[in-house]
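So the structure is just underneath, and the comments pick up after that.
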Amino acid sequence: MKKLNNIYLVGFMGTGKSAAARELARRKKWQFVDLDELIELKEKRPIPEIFAKSGEPYFRRLEKRTLKEVSLQKKFVVACGGGIVLDADNIRIMKETGAMICLSATPEAILGRTSRYTHRPLLNVPDPKRQIDLLLKLRAPYYAQAHKTIDTTKLSVEQVAEKIIKLIDKKPPAKKKR
C-alpha cells in the first residue's frame with residue numbers, strides 16, 4: 001500500500017464497520033465519517049426512506065458523490081455502506097486515496113448483529129438469513145478487491161481496530177544493501 005490519505009472500511013452490513021472506524025479514528029487521532037450518516041444529513045432523510053421513495057440507483061449516485069467528496073480529505077477513517085463496492089469507480093477511488101480494508105463475518109454473526117434493527121432495507125425480507133447468504137455470495141468478488149480483509153466474527157471492536165493499525169502501520173521490509 002502506498003502512503004495513506006484515508007482508511008476506508010468496507011464489508012457487509014453488521015460486520016462492525018462503523019464501530020471499528022470510530023475506534024480506529026480515535027486511536028489514530030484522525031477524523032471519523034460514516035458515509036451513510038453523511039448522506040442522511042445531506043438528504044435530510046433516513047436511508048430506508050431514500051431507498052423507498054427514490055430507489056437504490058438514486059442512493060448509489062448519492063453514495064458515489066459523497067465518497068468522491070470525502071476522498072479529497074486527508075486523515076479520515078471512513079465507514080462505508082455495504083454496497084459501495086458494487087461500483088468499480090468507488091473501488092478505484094478508495095484504493096487510489098487510501099487503504100481499503102474489508103471487514104467480514106459469518107452469515108450467522110451478521111444475522112445476530114442486524115436482526116434487532118429494522119432500518120436495514122435489504123434485510124426487510126421474509127428470510128433474512130437466506131438474503132444475507134445470497135448478498136454475501138454476490139458481493140464476494142467486490143469485497144475481495146480490498147487491500148486486506150479482517151474477519152470480525154469473534155473479535156471485539158478494540159481487537160479489530162488493533163488489527164487494522166498493525167496492517168497499515170507495517171513497514172515494508174528494508175531493501176538489502178549490496
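Ordering of the C-alpha cells sets the chain letters (A, B, ...), residue numbers begin anew at 1 in every chain, and ligands are numbered from 1 in the order given.
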Quiz item: Looking only at the backbone, which of the residues in chain A does DSSP tag as alpha helix (DSSP H), as a PyMOL selection string?
Solution: chain A and resi 17-28+35-43+47-54+56-71+88-97+107-114+128-143+157-169
Leaving out Phe76 (chain A) and any residue of its chain fewer than 3 positions from it, which residues lie within 6 Å of it when counting only C-alpha atoms, given as a short mmCIF file (atom, residue, chain, number, x, y, z; two decimals) with C-alpha atoms, in the first residue's frame?
data_model
loop_
_atom_site.label_atom_id
_atom_site.label_comp_id
_atom_site.auth_asym_id
_atom_site.auth_seq_id
_atom_site.Cartn_x
_atom_site.Cartn_y
_atom_site.Cartn_z
CA ASN A 6 -7.59 7.83 4.34
CA TRP A 30 -7.92 11.07 12.68
CA GLN A 31 -11.43 12.21 11.70
CA PHE A 32 -14.25 9.66 11.59
#
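For the set A:Pro48, A:Gly14, A:Gly81, A:Gly55, the residue with the smallest atom-to-atom gap to Ile132 (chain A) is A:Gly14, counting only C-alpha atoms.
If you measure from each of A:Val85, A:Ile39, A:Leu167, A:Ala146 to Tyr58 (chain A) using only C-alpha atoms, the closest one turns out to be A:Ile39.
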Practice problem: With a distance cut-off of 10 Å and only C-alpha atoms, select the neighbouring residues of Lys129 (chain A), excluding the residue or stretch itself and same-chain residues fewer than 5 positions from it, and output the selection as a ChimeraX atom specification. | Solution: /A:107-108,110-112,115,123,134-135
Keeping C-alpha atoms for every residue in the selection just given, could you write it to a file as a short mmCIF file (atom, residue, chain, number, x, y, z; two decimals), in the first residue's frame?
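Okay, result-v3.cif is ready:
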data_model
loop_
_atom_site.label_atom_id
_atom_site.label_comp_id
_atom_site.auth_asym_id
_atom_site.auth_seq_id
_atom_site.Cartn_x
_atom_site.Cartn_y
_atom_site.Cartn_z
CA PRO A 107 -23.72 -15.06 7.98
CA GLU A 108 -24.86 -16.21 11.44
CA ILE A 110 -24.29 -10.86 10.67
CA LEU A 111 -27.85 -12.05 11.25
CA GLY A 112 -27.37 -11.86 15.02
CA SER A 115 -31.74 -8.78 13.49
CA LEU A 123 -32.87 -7.36 5.03
CA LEU A 134 -27.15 -14.53 -1.31
CA LEU A 135 -25.80 -10.98 -0.97
#
Exercise. Based on DSSP run over this structure's backbone, return all residues of chain A in strand (DSSP E or B), as number ranges by chain.
Key: A: 6-11, 31-34, 76-79, 98-104, 148-151
For the residues selected in the previous step, produce a file with C-alpha atoms as a CSV table (one decimal), in the first residue's frame.
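As a result, out_22.csv now contains:
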chain,number,residue,atom,x,y,z
A,6,ASN,CA,-7.6,7.8,4.3
A,7,ILE,CA,-8.7,4.4,5.6
A,8,TYR,CA,-11.9,3.0,4.1
A,9,LEU,CA,-13.7,0.2,5.9
A,10,VAL,CA,-15.9,-1.8,3.6
A,11,GLY,CA,-17.8,-5.0,4.0
A,31,GLN,CA,-11.4,12.2,11.7
A,32,PHE,CA,-14.2,9.7,11.6
A,33,VAL,CA,-17.0,9.8,9.0
A,34,ASP,CA,-19.8,7.3,8.3
A,76,PHE,CA,-10.2,10.3,7.6
A,77,VAL,CA,-11.4,6.9,8.7
A,78,VAL,CA,-14.4,6.2,6.6
A,79,ALA,CA,-17.1,3.7,7.4
A,98,GLY,CA,-6.1,5.3,0.9
A,99,ALA,CA,-6.3,1.8,2.3
A,100,MET,CA,-9.4,-0.2,1.6
A,101,ILE,CA,-9.9,-2.7,4.4
A,102,CYS,CA,-12.8,-5.2,4.2
A,103,LEU,CA,-14.4,-6.4,7.4
A,104,SER,CA,-16.2,-9.8,7.2
A,148,LYS,CA,-6.8,-6.6,3.3
A,149,THR,CA,-9.7,-8.5,4.9
A,150,ILE,CA,-10.3,-9.0,8.6
A,151,ASP,CA,-12.9,-11.5,9.9
Quiz item: Quick one: distance from CA of Val157 (chain A) to CA of Thr15 (chain A) in Å, one decimal?
Solution: 10.1 Å
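Going from CA of Leu24 (chain A) over to CA of Glu162 (chain A), you cover 7.8 Å.
Take CA of Asp87 (chain A) and CA of Pro57 (chain A): the distance between them is 11.1 Å.
Across A:Ser54, A:Glu37, A:Ala88, A:Leu136, the tightest approach to Ser18 (chain A) is made by A:Glu37 when counting only C-alpha atoms.
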Quiz prompt | Glu69 (chain A) surroundings by only C-alpha atoms, 12 Å radius, close-in-sequence under 4 positions cut, as number ranges by chain | solution = A: 33, 35, 38-39, 62-65, 73-74, 76, 78, 90, 93-94, 97
